[in-house]
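Listing of coords.json; format and content: JSON, C-alpha atoms and all ligand atoms.
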[["chain", "number", "residue", "atom", "x", "y", "z"],
["A", 548, "MET", "CA", 31.25, -34.98, -28.38],
["A", 549, "GLU", "CA", 32.61, -33.05, -25.45],
["A", 550, "LYS", "CA", 30.87, -33.24, -22.08],
["A", 551, "HIS", "CA", 29.72, -29.80, -20.95],
["A", 552, "ARG", "CA", 29.57, -29.08, -17.24],
["A", 553, "VAL", "CA", 27.25, -26.19, -16.39],
["A", 554, "LEU", "CA", 26.35, -24.66, -13.02],
["A", 555, "PHE", "CA", 23.58, -22.10, -12.46],
["A", 556, "VAL", "CA", 23.89, -19.86, -9.41],
["A", 557, "CYS", "CA", 21.45, -17.60, -7.54],
["A", 558, "LEU", "CA", 21.17, -16.49, -3.91],
["A", 559, "GLY", "CA", 19.04, -19.17, -2.25],
["A", 560, "ASN", "CA", 19.11, -22.02, -4.82],
["A", 561, "ILE", "CA", 15.37, -22.46, -4.35],
["A", 562, "CYS", "CA", 13.77, -20.10, -6.90],
["A", 563, "ARG", "CA", 15.78, -19.07, -9.97],
["A", 564, "SER", "CA", 18.73, -21.43, -10.36],
["A", 565, "PRO", "CA", 16.66, -24.64, -9.96],
["A", 566, "LEU", "CA", 14.41, -23.38, -12.80],
["A", 567, "ALA", "CA", 17.49, -22.56, -14.90],
["A", 568, "GLU", "CA", 18.83, -26.05, -14.21],
["A", 569, "ALA", "CA", 15.50, -27.65, -15.18],
["A", 570, "ALA", "CA", 15.09, -25.61, -18.38],
["A", 571, "PHE", "CA", 18.65, -26.35, -19.49],
["A", 572, "ARG", "CA", 18.48, -30.04, -18.59],
["A", 573, "LYS", "CA", 15.37, -30.41, -20.76],
["A", 574, "ALA", "CA", 16.76, -28.35, -23.67],
["A", 575, "ALA", "CA", 20.07, -30.27, -23.63],
["A", 576, "GLU", "CA", 18.24, -33.59, -23.56],
["A", 577, "GLU", "CA", 16.16, -32.55, -26.56],
["A", 578, "ALA", "CA", 19.32, -31.35, -28.34],
["A", 579, "GLY", "CA", 21.15, -34.59, -27.56],
["A", 580, "LEU", "CA", 24.04, -32.80, -25.85],
["A", 581, "ASP", "CA", 26.28, -34.56, -23.35],
["A", 582, "ILE", "CA", 26.00, -32.47, -20.19],
["A", 583, "GLU", "CA", 26.37, -32.38, -16.46],
["A", 584, "VAL", "CA", 24.19, -29.68, -14.92],
["A", 585, "ASP", "CA", 23.64, -28.48, -11.38],
["A", 586, "SER", "CA", 22.63, -25.37, -9.46],
["A", 587, "ALA", "CA", 23.79, -23.73, -6.25],
["A", 588, "GLY", "CA", 23.17, -20.68, -4.07],
["A", 589, "THR", "CA", 25.75, -18.26, -2.76],
["A", 590, "ALA", "CA", 23.91, -18.25, 0.59],
["A", 591, "ASN", "CA", 23.43, -21.17, 2.95],
["A", 592, "TYR", "CA", 19.84, -20.26, 3.97],
["A", 593, "HIS", "CA", 18.15, -23.16, 2.20],
["A", 594, "VAL", "CA", 20.77, -25.91, 2.11],
["A", 595, "GLY", "CA", 19.11, -29.33, 1.91],
["A", 596, "GLU", "CA", 15.68, -27.87, 1.16],
["A", 597, "PRO", "CA", 13.53, -28.56, -1.91],
["A", 598, "PRO", "CA", 12.85, -25.67, -4.31],
["A", 599, "ASP", "CA", 10.25, -23.03, -3.43],
["A", 600, "PRO", "CA", 6.74, -24.50, -4.03],
["A", 601, "ARG", "CA", 6.14, -21.75, -6.62],
["A", 602, "SER", "CA", 9.21, -22.89, -8.59],
["A", 603, "ILE", "CA", 8.09, -26.52, -8.35],
["A", 604, "GLU", "CA", 4.70, -25.46, -9.77],
["A", 605, "GLU", "CA", 6.24, -23.39, -12.56],
["A", 606, "ALA", "CA", 8.46, -26.30, -13.65],
["A", 607, "GLN", "CA", 5.43, -28.60, -13.47],
["A", 608, "ARG", "CA", 3.62, -26.30, -15.92],
["A", 609, "HIS", "CA", 6.40, -27.17, -18.37],
["A", 610, "GLY", "CA", 6.26, -30.88, -17.64],
["A", 611, "ILE", "CA", 9.35, -30.99, -15.42],
["A", 612, "ASP", "CA", 9.46, -32.36, -11.87],
["A", 613, "ILE", "CA", 12.04, -30.54, -9.75],
["A", 614, "SER", "CA", 10.67, -31.61, -6.36],
["A", 615, "SER", "CA", 13.68, -33.87, -5.76],
["A", 616, "TYR", "CA", 16.20, -31.02, -6.22],
["A", 617, "ARG", "CA", 17.90, -29.93, -2.98],
["A", 618, "GLY", "CA", 19.51, -26.62, -2.13],
["A", 619, "ARG", "CA", 23.27, -26.46, -1.78],
["A", 620, "GLN", "CA", 25.79, -23.69, -1.32],
["A", 621, "LEU", "CA", 28.36, -22.68, -3.95],
["A", 622, "SER", "CA", 31.88, -23.85, -3.07],
["A", 623, "SER", "CA", 35.32, -22.91, -4.38],
["A", 624, "ASP", "CA", 35.62, -26.45, -5.77],
["A", 625, "ASP", "CA", 32.76, -25.68, -8.19],
["A", 626, "PHE", "CA", 35.14, -23.39, -10.10],
["A", 627, "HIS", "CA", 37.22, -26.48, -10.91],
["A", 628, "ARG", "CA", 34.34, -28.93, -11.45],
["A", 629, "PHE", "CA", 32.35, -26.84, -13.95],
["A", 630, "ASP", "CA", 33.24, -25.32, -17.37],
["A", 631, "ARG", "CA", 30.60, -22.63, -17.17],
["A", 632, "ILE", "CA", 29.07, -20.91, -14.17],
["A", 633, "LEU", "CA", 26.14, -18.60, -14.78],
["A", 634, "GLY", "CA", 24.82, -16.11, -12.21],
["A", 635, "MET", "CA", 21.31, -14.64, -12.26],
["A", 636, "ASP", "CA", 22.04, -11.06, -11.15],
["A", 637, "ARG", "CA", 24.89, -8.71, -10.32],
["A", 638, "SER", "CA", 24.65, -9.39, -6.62],
["A", 639, "ASN", "CA", 25.13, -13.11, -7.36],
["A", 640, "MET", "CA", 28.18, -12.22, -9.48],
["A", 641, "ALA", "CA", 29.71, -10.21, -6.62],
["A", 642, "ASN", "CA", 29.03, -13.01, -4.12],
["A", 643, "MET", "CA", 30.49, -15.58, -6.51],
["A", 644, "SER", "CA", 33.71, -13.64, -6.94],
["A", 645, "ARG", "CA", 34.29, -13.92, -3.20],
["A", 646, "VAL", "CA", 34.25, -17.74, -3.46],
["A", 647, "ASP", "CA", 36.22, -17.95, -6.73],
["A", 648, "PRO", "CA", 39.63, -19.51, -5.95],
["A", 649, "GLY", "CA", 41.06, -17.81, -9.05],
["A", 650, "ASP", "CA", 42.75, -20.93, -10.44],
["A", 651, "GLY", "CA", 39.68, -22.68, -11.81],
["A", 652, "ASN", "CA", 38.88, -23.06, -15.48],
["A", 653, "ALA", "CA", 35.19, -22.16, -15.35],
["A", 654, "LYS", "CA", 33.95, -19.39, -17.61],
["A", 655, "VAL", "CA", 31.87, -17.22, -15.26],
["A", 656, "SER", "CA", 29.19, -14.89, -16.61],
["A", 657, "LEU", "CA", 25.86, -13.22, -16.02],
["A", 658, "LEU", "CA", 23.17, -15.58, -17.42],
["A", 659, "MET", "CA", 21.45, -13.12, -19.76],
["A", 660, "ASP", "CA", 24.81, -11.99, -21.19],
["A", 661, "ILE", "CA", 24.77, -15.18, -23.29],
["A", 662, "VAL", "CA", 21.42, -14.25, -24.89],
["A", 663, "PRO", "CA", 21.73, -12.05, -27.99],
["A", 664, "GLY", "CA", 19.89, -8.78, -27.34],
["A", 665, "GLN", "CA", 19.54, -9.42, -23.59],
["A", 666, "GLU", "CA", 23.10, -8.59, -22.52],
["A", 667, "GLY", "CA", 23.42, -6.98, -19.13],
["A", 668, "ARG", "CA", 19.90, -7.88, -18.01],
["A", 669, "GLU", "CA", 19.39, -9.49, -14.61],
["A", 670, "VAL", "CA", 16.99, -12.35, -13.86],
["A", 671, "ALA", "CA", 14.85, -10.65, -11.21],
["A", 672, "ASP", "CA", 14.50, -12.34, -7.83],
["A", 673, "PRO", "CA", 10.90, -13.66, -7.68],
["A", 674, "TRP", "CA", 11.10, -14.57, -3.95],
["A", 675, "TYR", "CA", 8.98, -11.59, -2.80],
["A", 676, "GLY", "CA", 6.73, -11.78, -5.87],
["A", 677, "GLY", "CA", 3.85, -13.89, -7.07],
["A", 678, "GLU", "CA", 3.11, -16.49, -9.70],
["A", 679, "ASP", "CA", 3.64, -13.94, -12.50],
["A", 680, "ASN", "CA", 7.18, -13.34, -11.34],
["A", 681, "PHE", "CA", 7.94, -17.06, -11.50],
["A", 682, "ARG", "CA", 6.56, -17.11, -15.06],
["A", 683, "ASP", "CA", 8.93, -14.27, -15.93],
["A", 684, "THR", "CA", 11.80, -16.24, -14.38],
["A", 685, "TRP", "CA", 10.87, -19.22, -16.53],
["A", 686, "ASP", "CA", 10.78, -17.06, -19.68],
["A", 687, "ASP", "CA", 14.26, -15.73, -18.91],
["A", 688, "VAL", "CA", 15.89, -19.04, -18.01],
["A", 689, "SER", "CA", 14.35, -20.95, -20.92],
["A", 690, "MET", "CA", 15.55, -18.25, -23.34],
["A", 691, "ALA", "CA", 19.03, -18.56, -21.84],
["A", 692, "ALA", "CA", 18.88, -22.37, -22.03],
["A", 693, "GLU", "CA", 18.24, -22.19, -25.78],
["A", 694, "ALA", "CA", 21.06, -19.67, -26.24],
["A", 695, "LEU", "CA", 23.42, -21.90, -24.28],
["A", 696, "ILE", "CA", 22.55, -24.91, -26.44],
["A", 697, "ALA", "CA", 23.52, -22.90, -29.53],
["A", 698, "ILE", "CA", 26.83, -21.89, -27.91],
["A", 699, "LEU", "CA", 27.70, -25.44, -26.83],
["A", 700, "ARG", "CA", 26.83, -26.81, -30.27],
["A", 701, "ASP", "CA", 29.32, -24.31, -31.71],
["A", 702, "ASP", "CA", 31.93, -25.44, -29.14],
["A", 703, "ASP", "CA", 31.39, -29.03, -30.31],
["A", 704, "GLY", "CA", 32.11, -27.85, -33.85],
["B", 801, "LIG", "P1", 16.69, -17.43, -5.33],
["B", 801, "LIG", "O1", 15.60, -16.62, -4.49],
["B", 801, "LIG", "O2", 18.01, -16.74, -5.07],
["B", 801, "LIG", "O3", 16.23, -17.26, -6.73],
["B", 801, "LIG", "O4", 16.66, -18.84, -4.85],
["B", 801, "LIG", "C1", 15.72, -16.40, -3.12],
["B", 801, "LIG", "C2", 15.41, -17.40, -2.22],
["B", 801, "LIG", "C3", 15.50, -17.17, -0.87],
["B", 801, "LIG", "C4", 15.92, -15.94, -0.42],
["B", 801, "LIG", "C5", 16.23, -14.93, -1.31],
["B", 801, "LIG", "C6", 16.13, -15.16, -2.67],
["B", 801, "LIG", "N1", 16.02, -15.70, 0.98],
["B", 801, "LIG", "O5", 16.31, -14.56, 1.36],
["B", 801, "LIG", "O6", 15.82, -16.64, 1.78]]
Kindly present the structure from the file in structure tokens form.
Ligand code: 4NP
Amino acid sequence: MEKHRVLFVCLGNICRSPLAEAAFRKAAEEAGLDIEVDSAGTANYHVGEPPDPRSIEEAQRHGIDISSYRGRQLSSDDFHRFDRILGMDRSNMANMSRVDPGDGNAKVSLLMDIVPGQEGREVADPWYGGEDNFRDTWDDVSMAAEALIAILRDDDG
């Protein structure tokens, strides 16, 4: 079985991408896939900080503790380290392209583009929202996690 290296990217790495990382980590564990997973932000605003308390609570509702996660900024090296890099919205995609060294082997895409029927949709930024918005984020990232498992299983043959 191939090892799959997946990176989830948002703006601050404290709301959406840590939840995507948590949902995928859990789904991959349950599926018995060999993975390396991480998340990063295109901005440096929250480097070294734990996830937003609302994201920590949302993950907790699904039995996952993300309080030890720490924010980090996307680097050009990530395009070599990871096989797949998934951005939450179009602004993330534009910011990512500015860091992309161009000679990496990562497949870069919008997260919801991998979910049948959800192509082109953005994972909305819940930062200015409330608890409901974090629930919506969870719904999106867990749907994408399941879709990604199916894709990686296919890759494994
Ligand atoms: P995230 O949300 O990109 O999902 O982590 C945000 C977190 C922080 C900020 C914006 C979005 N901020 O402007 O500090």
With 6 Å as the cut-off and only C-alpha atoms and all ligand atoms counted, what is the closest atom pair between each nearby residue of chain A and ligand LIG 801 (chain B)? Distances in Å to one decimal, ordered by chain and number, as a tab-separated table.
residue	atom	partner	partner_atom	distance
A:Cys557	CA	B:LIG801	O2	4.3
A:Leu558	CA	B:LIG801	O2	3.4
A:Gly559	CA	B:LIG801	O4	3.5
A:Asn560	CA	B:LIG801	O4	4.0
A:Ile561	CA	B:LIG801	O4	3.9
A:Cys562	CA	B:LIG801	O4	3.8
A:Arg563	CA	B:LIG801	O3	3.7
A:Tyr592	CA	B:LIG801	O6	5.8
A:Asp672	CA	B:LIG801	O3	5.3
A:Trp674	CA	B:LIG801	O1	5.0
message: Nearest residue to Ser622 in chain A out of A:Asp599, A:Glu576, A:Asp683, A:Asp647, using only C-alpha atoms?
response: A:Asp647
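Checking A:Asp585, A:Glu605, A:Asp650, A:Asp624 one by one against Phe571 in chain A, counting all atoms listed in the file, you find the shortest gap at A:Asp585.
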message: Residues near Ser614 in chain A, anyone? I mean within 8 Å using only C-alpha atoms, not counting same-chain ones fewer than 5 positions away, as an NGL selection string.
response: :A and (597-598 or 603)
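Considering only C-alpha atoms, the residue among A:Ser586, A:Met635, A:Arg668, A:Asp630 positioned nearest to Asp702 in chain A is A:Asp630.
Interatomic distance, CA of Gln607 in chain A against CA of Val662 in chain A: 24.3 Å.
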Range 600-616 of chain A: axis-aligned bounding box, 5 Å on each side, centre and edge lengths in Å, one decimal, as lines of an AutoDock Vina configuration file:
center_x = 9.9
center_y = -27.8
center_z = -11.2
size_x = 22.6
size_y = 22.1
size_z = 24.3
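Using all atoms listed in the file, the nearest neighbour of Arg631 in chain A within the list A:Leu699, A:Ile613, A:Leu580, A:Ala653 is A:Ala653.
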- line: Min atom-atom distance to Glu666 in chain A from the set A:Ala694, A:Ala578, A:Ala569, A:Ala606, counting only C-alpha atoms, belongs to A:Ala694
- prompt: Skipping near chain neighbours, those fewer than 3 positions away, what residues fall within 12 Å of Arg572 in chain A using all atoms listed in the file, listed as a VMD selection string?
  reply: chain A and resid 551 to 555 564 to 569 575 to 586 606 611 to 613 688 to 689 691 to 693 695 to 696
So that I have them on file, write out the residues from the current selection with C-alpha atoms, as an mmCIF file, in the coordinates of the input.
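Dumped to again_37.cif:
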data_model
loop_
_atom_site.group_PDB
_atom_site.id
_atom_site.type_symbol
_atom_site.label_atom_id
_atom_site.label_comp_id
_atom_site.auth_asym_id
_atom_site.auth_seq_id
_atom_site.Cartn_x
_atom_site.Cartn_y
_atom_site.Cartn_z
ATOM 1 C CA HIS A 551 29.720 -29.800 -20.950
ATOM 2 C CA ARG A 552 29.570 -29.080 -17.240
ATOM 3 C CA VAL A 553 27.250 -26.190 -16.390
ATOM 4 C CA LEU A 554 26.350 -24.660 -13.020
ATOM 5 C CA PHE A 555 23.580 -22.100 -12.460
ATOM 6 C CA SER A 564 18.730 -21.430 -10.360
ATOM 7 C CA PRO A 565 16.660 -24.640 -9.960
ATOM 8 C CA LEU A 566 14.410 -23.380 -12.800
ATOM 9 C CA ALA A 567 17.490 -22.560 -14.900
ATOM 10 C CA GLU A 568 18.830 -26.050 -14.210
ATOM 11 C CA ALA A 569 15.500 -27.650 -15.180
ATOM 12 C CA ALA A 575 20.070 -30.270 -23.630
ATOM 13 C CA GLU A 576 18.240 -33.590 -23.560
ATOM 14 C CA GLU A 577 16.160 -32.550 -26.560
ATOM 15 C CA ALA A 578 19.320 -31.350 -28.340
ATOM 16 C CA GLY A 579 21.150 -34.590 -27.560
ATOM 17 C CA LEU A 580 24.040 -32.800 -25.850
ATOM 18 C CA ASP A 581 26.280 -34.560 -23.350
ATOM 19 C CA ILE A 582 26.000 -32.470 -20.190
ATOM 20 C CA GLU A 583 26.370 -32.380 -16.460
ATOM 21 C CA VAL A 584 24.190 -29.680 -14.920
ATOM 22 C CA ASP A 585 23.640 -28.480 -11.380
ATOM 23 C CA SER A 586 22.630 -25.370 -9.460
ATOM 24 C CA ALA A 606 8.460 -26.300 -13.650
ATOM 25 C CA ILE A 611 9.350 -30.990 -15.420
ATOM 26 C CA ASP A 612 9.460 -32.360 -11.870
ATOM 27 C CA ILE A 613 12.040 -30.540 -9.750
ATOM 28 C CA VAL A 688 15.890 -19.040 -18.010
ATOM 29 C CA SER A 689 14.350 -20.950 -20.920
ATOM 30 C CA ALA A 691 19.030 -18.560 -21.840
ATOM 31 C CA ALA A 692 18.880 -22.370 -22.030
ATOM 32 C CA GLU A 693 18.240 -22.190 -25.780
ATOM 33 C CA LEU A 695 23.420 -21.900 -24.280
ATOM 34 C CA ILE A 696 22.550 -24.910 -26.440
#
message: Report, in Å to a single decimal, how far apart CA of Leu658 in chain A and CA of Asp687 in chain A are.
response: 9.0 Å
Could I see range 623-638 of chain A restored to N, CA, C and O atoms, set down as a PDB file, in the coordinates of the input?
ATOM      1  N   SER A 623      34.193 -23.280  -3.522  1.00  0.00           N
ATOM      2  CA  SER A 623      35.320 -22.910  -4.380  1.00  0.00           C
ATOM      3  C   SER A 623      35.660 -24.055  -5.343  1.00  0.00           C
ATOM      4  O   SER A 623      36.107 -23.831  -6.469  1.00  0.00           O
ATOM      5  N   ASP A 624      35.375 -25.278  -4.921  1.00  0.00           N
ATOM      6  CA  ASP A 624      35.620 -26.450  -5.770  1.00  0.00           C
ATOM      7  C   ASP A 624      34.795 -26.409  -7.054  1.00  0.00           C
ATOM      8  O   ASP A 624      35.207 -26.952  -8.085  1.00  0.00           O
ATOM      9  N   ASP A 625      33.618 -25.764  -6.995  1.00  0.00           N
ATOM     10  CA  ASP A 625      32.760 -25.680  -8.190  1.00  0.00           C
ATOM     11  C   ASP A 625      33.476 -24.993  -9.352  1.00  0.00           C
ATOM     12  O   ASP A 625      33.174 -25.270 -10.512  1.00  0.00           O
ATOM     13  N   PHE A 626      34.421 -24.111  -9.042  1.00  0.00           N
ATOM     14  CA  PHE A 626      35.140 -23.390 -10.100  1.00  0.00           C
ATOM     15  C   PHE A 626      36.119 -24.306 -10.836  1.00  0.00           C
ATOM     16  O   PHE A 626      36.612 -23.978 -11.904  1.00  0.00           O
ATOM     17  N   HIS A 627      36.406 -25.459 -10.250  1.00  0.00           N
ATOM     18  CA  HIS A 627      37.220 -26.480 -10.910  1.00  0.00           C
ATOM     19  C   HIS A 627      36.344 -27.525 -11.598  1.00  0.00           C
ATOM     20  O   HIS A 627      36.682 -28.038 -12.652  1.00  0.00           O
ATOM     21  N   ARG A 628      35.216 -27.860 -10.945  1.00  0.00           N
ATOM     22  CA  ARG A 628      34.340 -28.930 -11.450  1.00  0.00           C
ATOM     23  C   ARG A 628      33.583 -28.552 -12.710  1.00  0.00           C
ATOM     24  O   ARG A 628      33.238 -29.415 -13.513  1.00  0.00           O
ATOM     25  N   PHE A 629      33.223 -27.259 -12.837  1.00  0.00           N
ATOM     26  CA  PHE A 629      32.350 -26.840 -13.950  1.00  0.00           C
ATOM     27  C   PHE A 629      33.116 -26.016 -14.989  1.00  0.00           C
ATOM     28  O   PHE A 629      34.094 -25.338 -14.666  1.00  0.00           O
ATOM     29  N   ASP A 630      32.640 -26.101 -16.277  1.00  0.00           N
ATOM     30  CA  ASP A 630      33.240 -25.320 -17.370  1.00  0.00           C
ATOM     31  C   ASP A 630      32.619 -23.939 -17.451  1.00  0.00           C
ATOM     32  O   ASP A 630      33.256 -22.990 -17.870  1.00  0.00           O
ATOM     33  N   ARG A 631      31.329 -23.899 -17.090  1.00  0.00           N
ATOM     34  CA  ARG A 631      30.600 -22.630 -17.170  1.00  0.00           C
ATOM     35  C   ARG A 631      29.773 -22.447 -15.920  1.00  0.00           C
ATOM     36  O   ARG A 631      29.058 -23.369 -15.495  1.00  0.00           O
ATOM     37  N   ILE A 632      29.875 -21.245 -15.340  1.00  0.00           N
ATOM     38  CA  ILE A 632      29.070 -20.910 -14.170  1.00  0.00           C
ATOM     39  C   ILE A 632      28.319 -19.629 -14.508  1.00  0.00           C
ATOM     40  O   ILE A 632      28.912 -18.636 -14.943  1.00  0.00           O
ATOM     41  N   LEU A 633      26.985 -19.700 -14.354  1.00  0.00           N
ATOM     42  CA  LEU A 633      26.140 -18.600 -14.780  1.00  0.00           C
ATOM     43  C   LEU A 633      25.336 -18.047 -13.610  1.00  0.00           C
ATOM     44  O   LEU A 633      24.556 -18.777 -12.976  1.00  0.00           O
ATOM     45  N   GLY A 634      25.519 -16.760 -13.320  1.00  0.00           N
ATOM     46  CA  GLY A 634      24.820 -16.110 -12.210  1.00  0.00           C
ATOM     47  C   GLY A 634      23.597 -15.362 -12.714  1.00  0.00           C
ATOM     48  O   GLY A 634      23.560 -14.894 -13.852  1.00  0.00           O
ATOM     49  N   MET A 635      22.594 -15.238 -11.849  1.00  0.00           N
ATOM     50  CA  MET A 635      21.310 -14.640 -12.260  1.00  0.00           C
ATOM     51  C   MET A 635      21.327 -13.112 -12.227  1.00  0.00           C
ATOM     52  O   MET A 635      20.673 -12.462 -13.035  1.00  0.00           O
ATOM     53  N   ASP A 636      22.022 -12.528 -11.245  1.00  0.00           N
ATOM     54  CA  ASP A 636      22.040 -11.060 -11.150  1.00  0.00           C
ATOM     55  C   ASP A 636      23.421 -10.588 -10.689  1.00  0.00           C
ATOM     56  O   ASP A 636      24.301 -11.398 -10.389  1.00  0.00           O
ATOM     57  N   ARG A 637      23.577  -9.269 -10.643  1.00  0.00           N
ATOM     58  CA  ARG A 637      24.890  -8.710 -10.320  1.00  0.00           C
ATOM     59  C   ARG A 637      25.311  -8.989  -8.890  1.00  0.00           C
ATOM     60  O   ARG A 637      26.495  -9.140  -8.588  1.00  0.00           O
ATOM     61  N   SER A 638      24.330  -9.065  -8.011  1.00  0.00           N
ATOM     62  CA  SER A 638      24.650  -9.390  -6.620  1.00  0.00           C
ATOM     63  C   SER A 638      25.199 -10.825  -6.533  1.00  0.00           C
ATOM     64  O   SER A 638      26.176 -11.085  -5.824  1.00  0.00           O
TER      65      SER A 638
END
